[in-house]
$ cat protein30.csv   # CSV, C-alpha atoms
chain,number,residue,atom,x,y,z
A,1,MET,CA,19.7,-18.3,10.9
A,2,LEU,CA,17.7,-21.3,12.1
A,3,LYS,CA,14.3,-22.0,10.6
A,4,ASN,CA,12.8,-22.5,14.1
A,5,GLU,CA,12.9,-18.7,14.8
A,6,LYS,CA,9.3,-17.5,15.0
A,7,ILE,CA,7.7,-14.3,13.8
A,8,LEU,CA,4.2,-13.3,15.0
A,9,ILE,CA,2.6,-10.7,12.7
A,10,PHE,CA,-0.3,-8.5,13.7
A,11,ILE,CA,-2.3,-7.0,10.8
A,12,ASP,CA,-5.9,-5.6,10.7
A,13,TRP,CA,-6.8,-7.3,7.4
A,14,PHE,CA,-5.2,-10.2,5.6
A,15,LEU,CA,-6.0,-12.7,2.9
A,16,PRO,CA,-8.5,-13.7,1.7
A,17,GLY,CA,-9.3,-10.0,2.3
A,18,TYR,CA,-8.0,-7.6,-0.4
A,19,LYS,CA,-9.7,-4.3,0.1
A,20,ALA,CA,-7.0,-2.9,2.3
A,21,GLY,CA,-4.7,-3.1,-0.7
A,22,GLY,CA,-0.9,-2.5,-0.2
A,23,PRO,CA,-0.5,-3.5,3.5
A,24,ILE,CA,-1.9,-7.0,2.7
A,25,GLN,CA,0.5,-7.4,-0.2
A,26,SER,CA,3.4,-6.2,1.9
A,27,VAL,CA,2.9,-8.9,4.5
A,28,ASN,CA,2.1,-11.6,1.9
A,29,ASN,CA,5.3,-10.8,0.1
A,30,ILE,CA,7.3,-10.9,3.4
A,31,ILE,CA,5.9,-14.4,3.9
A,32,PHE,CA,6.7,-15.4,0.4
A,33,HIS,CA,10.3,-14.3,0.6
A,34,LEU,CA,11.1,-15.2,4.3
A,35,HIS,CA,9.1,-18.4,5.0
A,36,ASP,CA,12.2,-20.6,4.3
A,37,THR,CA,14.0,-18.7,7.1
A,38,PHE,CA,11.3,-18.1,9.7
A,39,ASP,CA,8.2,-19.8,11.0
A,40,ILE,CA,5.6,-17.1,10.5
A,41,SER,CA,2.2,-16.7,12.2
A,42,ILE,CA,-0.5,-14.1,11.4
A,43,VAL,CA,-3.0,-12.6,13.8
A,44,THR,CA,-5.8,-10.7,11.9
A,45,SER,CA,-9.5,-9.8,12.0
A,46,ASN,CA,-12.2,-12.0,10.5
A,47,LYS,CA,-13.5,-9.3,8.2
A,48,ASP,CA,-12.3,-7.5,5.1
A,49,LEU,CA,-11.9,-3.7,5.2
A,50,GLY,CA,-15.3,-1.9,5.4
A,51,GLU,CA,-17.3,-5.2,5.6
A,52,ALA,CA,-20.0,-5.8,8.2
A,53,LEU,CA,-20.0,-9.5,7.7
A,54,PRO,CA,-17.1,-11.9,8.5
A,55,TYR,CA,-15.5,-14.1,5.9
A,56,ALA,CA,-17.6,-17.1,4.8
A,57,ASP,CA,-16.3,-20.7,5.1
A,58,LEU,CA,-13.4,-19.8,7.5
A,59,GLU,CA,-13.0,-20.9,11.1
A,60,PHE,CA,-12.4,-18.1,13.6
A,61,ASN,CA,-10.4,-17.8,16.8
A,62,ARG,CA,-8.4,-20.9,16.1
A,63,TRP,CA,-5.1,-21.4,14.2
A,64,GLN,CA,-5.4,-22.3,10.5
A,65,VAL,CA,-2.4,-23.9,8.8
A,66,ARG,CA,-1.5,-22.6,5.3
A,67,ALA,CA,1.3,-23.6,2.9
A,68,ASN,CA,3.9,-21.1,4.2
A,69,TYR,CA,2.4,-19.8,7.4
A,70,LYS,CA,-0.3,-20.1,10.2
A,71,VAL,CA,-3.1,-17.6,10.6
A,72,ILE,CA,-5.8,-16.9,13.2
A,73,TYR,CA,-8.9,-14.9,12.3
A,74,LEU,CA,-10.2,-13.1,15.4
A,75,ASP,CA,-13.8,-11.9,15.9
A,76,GLU,CA,-14.2,-8.7,17.9
A,77,ASN,CA,-14.7,-10.5,21.2
A,78,HIS,CA,-11.2,-12.0,20.9
A,79,GLN,CA,-9.4,-8.8,20.0
A,80,ASN,CA,-8.4,-8.0,23.6
A,81,ARG,CA,-5.5,-8.0,26.0
A,82,ASN,CA,-6.4,-11.3,27.7
A,83,PHE,CA,-6.6,-13.2,24.5
A,84,TYR,CA,-3.3,-11.7,23.3
A,85,ARG,CA,-1.6,-12.5,26.6
A,86,ASN,CA,-2.6,-16.2,26.2
A,87,LEU,CA,-1.7,-16.2,22.6
A,88,LEU,CA,1.9,-15.1,23.4
A,89,LYS,CA,2.2,-17.9,25.9
A,90,GLU,CA,1.4,-20.6,23.4
A,91,GLU,CA,4.7,-20.3,21.3
A,92,ALA,CA,8.2,-19.1,22.0
A,93,TYR,CA,8.2,-16.2,19.5
A,94,GLN,CA,11.4,-14.3,19.0
A,95,TYR,CA,9.9,-11.4,17.0
A,96,VAL,CA,6.6,-9.6,16.7
A,97,TYR,CA,5.8,-7.5,13.6
A,98,PHE,CA,3.1,-4.8,13.6
A,99,ASN,CA,1.8,-3.7,10.3
A,100,SER,CA,0.3,-0.4,11.3
A,101,LEU,CA,0.8,2.6,13.6
A,102,PHE,CA,-2.7,3.8,14.4
A,103,SER,CA,-4.4,0.4,14.9
A,104,ILE,CA,-5.7,0.0,18.5
A,105,GLN,CA,-6.7,-3.7,18.2
A,106,PHE,CA,-3.7,-4.9,16.2
A,107,THR,CA,-0.8,-2.7,17.4
A,108,LEU,CA,-1.5,-0.7,20.6
A,109,LEU,CA,-3.2,-3.5,22.6
A,110,PRO,CA,-0.8,-6.3,21.8
A,111,LEU,CA,2.2,-4.0,22.1
A,112,TRP,CA,0.9,-2.9,25.6
A,113,VAL,CA,0.5,-6.5,26.6
A,114,MET,CA,4.2,-7.3,25.7
A,115,ARG,CA,5.6,-4.0,27.0
A,116,ASN,CA,7.7,-5.8,29.7
A,117,SER,CA,8.6,-8.9,27.6
A,118,SER,CA,12.0,-9.6,26.0
A,119,LEU,CA,10.3,-10.0,22.6
A,120,LYS,CA,11.8,-7.9,19.7
A,121,CYS,CA,9.0,-5.8,18.3
A,122,VAL,CA,9.2,-4.4,14.8
A,123,LEU,CA,6.7,-1.7,13.7
A,124,ALA,CA,6.0,-0.6,10.1
A,125,PRO,CA,4.1,2.7,10.1
A,126,ARG,CA,3.1,2.2,6.5
A,127,GLY,CA,3.3,5.9,5.5
A,128,MET,CA,1.1,7.0,8.4
A,129,VAL,CA,3.6,9.6,9.8
A,130,GLY,CA,4.1,11.5,6.5
A,131,LYS,CA,2.9,15.2,6.4
A,132,GLY,CA,0.1,14.4,4.0
A,133,ALA,CA,-1.2,11.5,6.0
A,134,LEU,CA,-1.0,13.4,9.3
A,135,ALA,CA,-3.0,16.3,7.8
A,136,ILE,CA,-6.1,14.0,7.7
A,137,LYS,CA,-7.8,13.8,11.1
A,138,PRO,CA,-4.7,15.5,12.6
A,139,PHE,CA,-6.0,15.9,16.2
A,140,LYS,CA,-6.7,12.2,16.7
A,141,LYS,CA,-3.3,11.2,15.2
A,142,LYS,CA,-1.3,13.7,17.2
A,143,LEU,CA,-3.0,12.6,20.4
A,144,PHE,CA,-2.1,9.0,19.5
A,145,ILE,CA,1.5,9.9,18.9
A,146,SER,CA,1.7,11.8,22.1
A,147,LEU,CA,0.4,8.9,24.2
A,148,PHE,CA,2.7,6.5,22.3
A,149,LYS,CA,5.7,8.7,23.3
A,150,LEU,CA,4.4,9.3,26.8
A,151,LYS,CA,4.4,5.5,27.5
A,152,GLY,CA,7.9,5.2,25.9
A,153,LEU,CA,6.6,2.6,23.4
A,154,HIS,CA,8.6,4.2,20.6
A,155,LYS,CA,11.9,3.6,22.3
A,156,ARG,CA,11.5,-0.2,22.6
A,157,LEU,CA,10.7,-0.7,18.9
A,158,ILE,CA,12.6,-1.6,15.8
A,159,TRP,CA,11.1,0.8,13.2
A,160,HIS,CA,10.6,-0.5,9.7
A,161,ALA,CA,11.1,2.3,7.2
A,162,THR,CA,10.6,1.5,3.5
A,163,SER,CA,12.7,4.5,2.4
A,164,HIS,CA,15.1,7.2,3.6
A,165,LEU,CA,12.1,9.6,3.3
A,166,GLU,CA,10.0,7.5,5.7
A,167,GLN,CA,13.0,7.3,8.1
A,168,GLN,CA,13.1,11.1,8.2
A,169,GLU,CA,9.3,11.2,8.8
A,170,ILE,CA,9.6,8.8,11.8
A,171,GLU,CA,12.4,10.9,13.3
A,172,GLN,CA,10.4,14.1,12.9
A,173,GLN,CA,7.6,12.6,15.0
A,174,PHE,CA,9.4,10.4,17.4
A,175,GLY,CA,12.9,11.7,17.7
A,176,HIS,CA,16.4,10.6,16.5
A,177,ASP,CA,17.4,8.2,19.2
A,178,LEU,CA,15.6,5.2,17.6
A,179,ASP,CA,16.4,1.9,16.0
A,180,ILE,CA,15.2,2.6,12.4
A,181,ARG,CA,16.0,0.1,9.7
A,182,ILE,CA,15.3,0.6,6.0
A,183,ALA,CA,13.9,-2.2,4.0
A,184,SER,CA,12.0,-1.5,0.8
A,185,ASN,CA,8.8,-3.3,0.3
A,186,LEU,CA,9.1,-6.7,-1.4
A,187,SER,CA,7.1,-7.5,-4.5
A,188,SER,CA,5.4,-10.5,-6.0
A,189,LYS,CA,6.5,-12.4,-9.1
A,190,MET,CA,5.9,-10.6,-12.5
A,191,THR,CA,4.1,-11.9,-15.5
A,192,PRO,CA,5.9,-11.7,-18.9
A,193,PHE,CA,5.8,-8.3,-20.7
A,194,SER,CA,3.1,-7.9,-23.3
A,195,PHE,CA,2.8,-5.2,-26.0
A,196,LYS,CA,-0.2,-2.8,-25.4
A,197,GLU,CA,-2.4,-1.5,-28.1
A,198,LYS,CA,-2.4,2.3,-28.3
A,199,GLN,CA,-3.9,4.7,-30.7
A,200,ALA,CA,-3.0,8.4,-30.9
A,201,ASN,CA,-5.5,10.6,-29.0
A,202,ARG,CA,-6.9,7.7,-27.1
A,203,LEU,CA,-5.9,6.8,-23.6
A,204,ASN,CA,-6.9,4.3,-20.9
A,205,VAL,CA,-6.2,5.8,-17.5
A,206,PHE,CA,-6.8,4.0,-14.1
A,207,PHE,CA,-6.9,5.0,-10.5
A,208,LEU,CA,-6.0,2.1,-8.2
A,209,SER,CA,-6.4,2.7,-4.4
A,210,ARG,CA,-8.8,3.0,-1.6
A,211,ILE,CA,-11.4,5.8,-2.3
A,212,ALA,CA,-10.4,8.2,0.5
A,213,LEU,CA,-9.4,11.8,0.8
A,214,LYS,CA,-5.7,10.9,1.1
A,215,LYS,CA,-5.6,9.2,-2.3
A,216,ASN,CA,-7.1,12.3,-4.0
A,217,LEU,CA,-9.5,10.7,-6.5
A,218,LEU,CA,-11.5,13.9,-6.7
A,219,LYS,CA,-8.4,15.8,-7.9
A,220,ALA,CA,-7.7,13.1,-10.5
A,221,LEU,CA,-11.2,13.6,-11.9
A,222,ASP,CA,-10.6,17.4,-11.9
A,223,TYR,CA,-7.4,17.0,-14.0
A,224,LEU,CA,-9.2,14.7,-16.5
A,225,SER,CA,-12.0,17.2,-16.9
A,226,TYR,CA,-9.5,19.7,-18.3
A,227,THR,CA,-7.9,17.4,-20.9
A,228,ASP,CA,-8.2,18.2,-24.6
A,229,VAL,CA,-11.8,17.5,-25.9
A,230,SER,CA,-10.4,16.1,-29.1
A,231,HIS,CA,-9.1,13.1,-27.1
A,232,HIS,CA,-11.0,10.1,-26.0
A,233,ILE,CA,-10.1,9.0,-22.5
A,234,LYS,CA,-11.4,6.0,-20.5
A,235,PHE,CA,-10.9,6.4,-16.8
A,236,SER,CA,-11.3,3.2,-14.7
A,237,ILE,CA,-11.6,3.6,-10.9
A,238,ILE,CA,-10.4,0.5,-9.0
A,239,GLY,CA,-10.6,0.2,-5.3
A,240,PRO,CA,-13.0,0.0,-2.3
A,241,VAL,CA,-15.0,2.9,-1.0
A,242,ASP,CA,-13.3,3.7,2.3
A,243,GLU,CA,-14.9,7.0,2.9
A,244,GLN,CA,-18.6,7.1,1.7
A,245,ASP,CA,-19.0,10.9,2.0
A,246,TYR,CA,-15.9,11.4,-0.1
A,247,TRP,CA,-17.1,8.9,-2.7
A,248,ASP,CA,-20.5,10.7,-2.8
A,249,THR,CA,-18.7,13.9,-3.7
A,250,CYS,CA,-16.7,12.1,-6.4
A,251,GLU,CA,-19.9,10.6,-7.9
A,252,ALA,CA,-21.4,14.1,-8.1
A,253,PHE,CA,-18.3,15.3,-10.0
A,254,ILE,CA,-18.4,12.3,-12.3
A,255,GLU,CA,-22.0,13.2,-13.4
A,256,LYS,CA,-20.6,16.5,-14.7
A,257,MET,CA,-17.6,15.2,-16.5
A,258,PRO,CA,-17.1,16.2,-20.1
A,259,LYS,CA,-18.3,13.7,-22.8
A,260,HIS,CA,-14.7,12.9,-24.0
A,261,VAL,CA,-13.9,11.4,-20.6
A,262,GLU,CA,-15.6,8.0,-20.0
A,263,VAL,CA,-15.6,7.1,-16.3
A,264,ASN,CA,-16.2,3.5,-15.0
A,265,TYR,CA,-16.1,2.4,-11.4
A,266,LEU,CA,-14.8,-1.2,-11.3
A,267,GLY,CA,-14.9,-1.7,-7.5
A,268,ALA,CA,-12.3,-3.5,-5.5
A,269,ILE,CA,-10.4,-6.2,-7.4
A,270,PRO,CA,-8.4,-9.0,-5.7
A,271,ASN,CA,-4.7,-8.6,-6.3
A,272,ASN,CA,-4.4,-11.9,-8.2
A,273,GLN,CA,-7.0,-10.6,-10.7
A,274,LEU,CA,-5.4,-7.2,-11.4
A,275,HIS,CA,-3.2,-8.3,-14.3
A,276,ALA,CA,-6.2,-9.2,-16.4
A,277,VAL,CA,-7.5,-5.6,-15.9
A,278,LEU,CA,-4.2,-3.7,-16.2
A,279,LYS,CA,-3.1,-5.4,-19.4
A,280,ASP,CA,-5.4,-3.1,-21.3
A,281,GLN,CA,-4.6,0.0,-19.3
A,282,HIS,CA,-2.0,2.6,-20.3
A,283,ILE,CA,-1.2,4.9,-17.3
A,284,LEU,CA,-1.9,5.2,-13.6
A,285,LEU,CA,-3.2,8.5,-12.3
A,286,LEU,CA,-2.7,8.8,-8.6
A,287,PRO,CA,-2.3,12.4,-7.2
A,288,THR,CA,-1.9,11.0,-3.6
A,289,MET,CA,-1.3,13.2,-0.6
A,290,HIS,CA,1.3,10.7,0.7
A,291,GLU,CA,2.8,7.2,0.1
A,292,ASN,CA,5.7,5.7,2.0
A,293,PHE,CA,6.2,3.2,-0.9
A,294,GLY,CA,3.1,2.9,-3.1
A,295,HIS,CA,2.5,-0.8,-4.0
A,296,VAL,CA,0.1,0.4,-6.7
A,297,ILE,CA,2.9,2.4,-8.3
A,298,MET,CA,5.1,-0.7,-8.5
A,299,GLU,CA,2.1,-2.8,-9.6
A,300,SER,CA,1.6,-0.4,-12.5
A,301,TRP,CA,5.2,-0.6,-13.6
A,302,GLN,CA,5.1,-4.4,-13.3
A,303,ASN,CA,2.2,-4.3,-15.8
A,304,GLY,CA,3.9,-1.9,-18.2
A,305,CYS,CA,2.0,1.2,-17.2
A,306,PRO,CA,3.8,4.5,-16.6
A,307,VAL,CA,2.5,6.7,-13.8
A,308,LEU,CA,1.3,10.2,-13.2
A,309,ILE,CA,1.7,10.7,-9.5
A,310,SER,CA,2.2,13.4,-6.9
A,311,ASP,CA,5.7,14.2,-5.6
A,312,GLN,CA,4.6,13.0,-2.1
A,313,THR,CA,6.1,9.5,-2.6
A,314,PRO,CA,9.7,8.2,-2.7
A,315,TRP,CA,9.4,7.9,-6.5
A,316,LEU,CA,10.9,11.1,-8.0
A,317,ASP,CA,12.8,12.0,-11.2
A,318,LEU,CA,10.7,9.5,-13.3
A,319,GLU,CA,10.7,11.3,-16.6
A,320,GLU,CA,14.4,10.7,-17.4
A,321,LYS,CA,13.8,6.9,-16.9
A,322,TYR,CA,10.6,6.9,-19.0
A,323,LEU,CA,8.6,5.8,-16.0
A,324,GLY,CA,6.1,8.7,-15.8
A,325,TYR,CA,6.0,12.0,-14.0
A,326,ALA,CA,6.0,13.0,-10.3
A,327,ILE,CA,4.3,16.4,-10.1
A,328,SER,CA,3.6,18.8,-7.3
A,329,LEU,CA,-0.1,18.9,-6.3
A,330,SER,CA,0.1,22.7,-6.7
A,331,LYS,CA,0.7,22.3,-10.4
A,332,SER,CA,-2.6,21.1,-11.7
A,333,ASP,CA,-1.8,22.3,-15.2
A,334,MET,CA,1.2,19.9,-15.4
A,335,PHE,CA,-1.0,16.9,-14.6
A,336,VAL,CA,-3.3,18.0,-17.4
A,337,LYS,CA,-0.4,18.6,-19.8
A,338,GLN,CA,1.1,15.1,-19.2
A,339,LEU,CA,-2.4,13.5,-19.6
A,340,ASN,CA,-2.6,15.1,-23.0
A,341,TYR,CA,0.9,14.1,-23.8
A,342,PHE,CA,0.3,10.4,-23.1
A,343,SER,CA,-3.0,10.6,-24.9
A,344,GLU,CA,-1.4,11.9,-28.1
A,345,MET,CA,1.2,9.1,-28.2
A,346,ASP,CA,0.9,6.4,-30.9
A,347,ALA,CA,1.7,2.8,-30.2
A,348,ASP,CA,5.4,2.9,-31.0
A,349,HIS,CA,6.0,6.0,-28.8
A,350,PHE,CA,4.0,4.6,-25.9
A,351,HIS,CA,5.8,1.2,-26.2
A,352,LYS,CA,9.1,2.9,-25.2
A,353,TRP,CA,7.5,4.1,-22.0
A,354,SER,CA,5.6,0.9,-21.3
A,355,LYS,CA,8.7,-1.3,-21.7
A,356,SER,CA,10.9,1.0,-19.6
A,357,ALA,CA,8.3,0.8,-16.8
A,358,TYR,CA,8.2,-3.0,-17.0
A,359,ASP,CA,12.0,-3.3,-17.1
A,360,PHE,CA,12.5,-1.0,-14.1
A,361,ALA,CA,10.0,-3.0,-12.0
A,362,ALA,CA,11.7,-6.3,-13.0
A,363,ALA,CA,15.1,-5.0,-12.1
A,364,PHE,CA,13.9,-3.5,-8.8
A,365,THR,CA,11.9,-6.4,-7.6
A,366,GLN,CA,14.6,-9.0,-8.3
A,367,LYS,CA,17.3,-7.3,-6.2
A,368,PRO,CA,18.6,-9.9,-3.7
A,369,GLN,CA,19.4,-7.0,-1.4
A,370,LEU,CA,15.7,-6.4,-0.8
A,371,VAL,CA,15.3,-9.7,0.9
A,372,ILE,CA,18.5,-9.3,2.8
A,373,ASP,CA,17.4,-5.9,4.1
A,374,THR,CA,14.0,-7.4,5.2
A,375,LYS,CA,15.7,-10.2,7.1
A,376,LYS,CA,17.9,-7.6,8.9
A,377,LEU,CA,14.7,-6.2,10.5
A,378,PHE,CA,14.6,-9.3,12.6
A,379,LYS,CA,18.3,-9.6,13.6
$ encode --input "protein30.csv" --output "C-alpha cells"
Amino acid sequence: MLKNEKILIFIDWFLPGYKAGGPIQSVNNIIFHLHDTFDISIVTSNKDLGEALPYADLEFNRWQVRANYKVIYLDENHQNRNFYRNLLKEEAYQYVYFNSLFSIQFTLLPLWVMRNSSLKCVLAPRGMVGKGALAIKPFKKKLFISLFKLKGLHKRLIWHATSHLEQQEIEQQFGHDLDIRIASNLSSKMTPFSFKEKQANRLNVFFLSRIALKKNLLKALDYLSYTDVSHHIKFSIIGPVDEQDYWDTCEAFIEKMPKHVEVNYLGAIPNNQLHAVLKDQHILLLPTMHENFGHVIMESWQNGCPVLISDQTPWLDLEEKYLGYAISLSKSDMFVKQLNYFSEMDADHFHKWSKSAYDFAAAFTQKPQLVIDTKKLFK
C-alpha cells in the first residue's frame, strides 16, 4: 500500500483536548500505528468537550502540520456544508473516517456532502448503538437512526466494529446487508510494570470516565457505601462533568457516604498524565451501562489495576484470568462482595492480580493482528 493514500478523519474533539476520553485516544492510536502507511488529516472542533472557550494559542480554520498528521480546528462558523465541500476539493482523499454516529457537525453534515462521491467512508459508532447507550435519550437517537436509514446512508458505509458484540449491535439497528469490519481498538505504548503497595483491609478504588448517566457513577458510589465498615477505602473520581444535573445528584450522595469511604474528585486528567495517578490505584470500579471496547478498562490493566465492571462490555470471564470481575448490574451484592474481597487482600495476594492484569494488557496491545485489522478498514 502506497504512503500517498490519504485518510481524512472527522472527530468532534481531538488533542490537545482530552475530556472526551476514549474516542480521542482511539484516533490518536490509529495515527500512531498507521501514519507510516497513510497520510492522515484530522478535522475537529476548536474546543474541548464541555468547554465554552476555544483552545488557547492555536490557529483555527487553517491546516496545522504535526509530526505524523495534519489537523484543522474549526470554529462553529466553519462547521458547515460549504466549508466541508471546499475542504474535500483541496486533496485527493481515498478514505474518510467518522469517529461518531450521532454527531451532526462531524458525521452527518460531511457524510451528506459526500453522499454522491466515490470516497470510501468508514464509520465507527463507538458503542452508540448498544442497548444501554440507546436507552439514554432514546427518542432522539431512534429518530436519528430512522433518518439515517431513510437516506440510505448506512448502505454506503464501511462500519468499524471493535468487537463481534458491536457487530451484532450494528446489525440489530441497521440490518445485515452491510459491510462491517471488526478491528479492535489500538492502544498506546505501556510503561514498565511496578509493584503496588497494598495493605489488608485498605483499598484505593478509582472511577475513570465522563460523569454521565451511562457511566453509572452514582451506582458505583452506592456499592461503596455498603462495603464493610472495618475497611478503609479511598475512592478517586477521574473525569469531566458531562451532565451537570447527574453530577449534582452524585455530589449529594457523596455528602452522605459512610466515614470509612473517602471520596475525592480529581477532575479530568490528560491521558499522558494518567500513569502518575494510576500507579497508586488498586482497582477500577466502572458499572457502565454500555461500552463497545472501554479504553479505560484497558488503561487500567496497562497500569496493573484489575477491574470491577458491568457485563455490558466485550470483556467477560475475567475472574479465571485474574483480571477482575464482570458483573450484572442487577447483582449489586456481587459488586459489594468483590469490593470487600479486593480490600481484604494483602500485598502478595493483590500482586498476583495486578501482574496478571498488566501481562494481559501487554500481550493484547502488542498483537500485530490489531494493526493489520485496522488497515483492512481502508482496503
$ residues_around --input "protein30.csv" --residues "region 267-273 of chain A" --least-positions-apart "5" --cutoff "7 Å" --atoms "all atoms listed in the file" --output "PyMOL selection string"
chain A and resi 18-19+238-240
$ atom_distance --input "protein30.csv" --atom1 "CA of Asp248 (chain A)" --atom2 "CA of Phe335 (chain A)"
23.6 Å
$ residues_around --input "protein30.csv" --residues "Ser163 (chain A)" --least-positions-apart "6" --cutoff "8 Å" --atoms "all atoms listed in the file" --output "VMD selection string"
chain A and resid 182 to 184 292 to 293 314
$ residues_around --input "protein30.csv" --residues "Asn82 (chain A)" --least-positions-apart "5" --cutoff "10 Å" --atoms "all atoms listed in the file" --output "VMD selection string"
chain A and resid 87 109 to 110 113
$ residues_around --input "protein30.csv" --residues "Asn61 (chain A)" --least-positions-apart "4" --cutoff "6 Å" --atoms "only C-alpha atoms" --output "PyMOL selection string"
chain A and resi 72-74
$ residues_around --input "protein30.csv" --residues "Arg85 (chain A)" --least-positions-apart "5" --cutoff "12 Å" --atoms "all atoms listed in the file" --output "list of chain:residue names"
A:His78, A:Gln79, A:Asn80, A:Glu90, A:Glu91, A:Leu109, A:Pro110, A:Leu111, A:Trp112, A:Val113, A:Met114, A:Arg115, A:Asn116, A:Ser117
$ atom_distance --input "protein30.csv" --atom1 "CA of Ser310 (chain A)" --atom2 "CA of Tyr223 (chain A)"
12.5 Å
$ closest_residue --input "protein30.csv" --among "A:Val261, A:His160, A:Ile283, A:Ile145" --to "Asp373 (chain A)" --atoms "all atoms listed in the file"
A:His160
$ closest_residue --input "protein30.csv" --among "A:Val229, A:Phe144, A:Lys376, A:Glu255" --to "Val122 (chain A)" --atoms "all atoms listed in the file"
A:Lys376
$ atom_distance --input "protein30.csv" --atom1 "CA of Gly324 (chain A)" --atom2 "CA of Ala363 (chain A)"
16.8 Å
$ closest_residue --input "protein30.csv" --among "A:Arg210, A:Lys149, A:His275, A:Lys367" --to "Gly294 (chain A)" --atoms "only C-alpha atoms"
A:Arg210
$ residues_near_point --input "protein30.csv" --point "(-1.6, 8.7, 1.4)" --cutoff "8 Å" --atoms "all atoms listed in the file" --output "PyMOL selection string"
chain A and resi 127-128+132-133+214-215+288-292
$ closest_residue --input "protein30.csv" --among "A:Ala161, A:Leu318, A:Leu134, A:Ile9" --to "Thr374 (chain A)" --atoms "all atoms listed in the file"
A:Ala161
$ closest_residue --input "protein30.csv" --among "A:Thr365, A:Gln338, A:Ser230, A:Asn303" --to "Phe195 (chain A)" --atoms "only C-alpha atoms"
A:Asn303
$ closest_residue --input "protein30.csv" --among "A:Glu251, A:Lys259, A:Ile170, A:Val205" --to "Val277 (chain A)" --atoms "only C-alpha atoms"
A:Val205
$ axis_aligned_box --input "protein30.csv" --around "region 170-186 of chain A" --padding-each-side "5 Å" --output "AutoDock Vina command-line options"
--center_x 12.5 --center_y 3.7 --center_z 8.9 --size_x 19.8 --size_y 30.8 --size_z 30.6
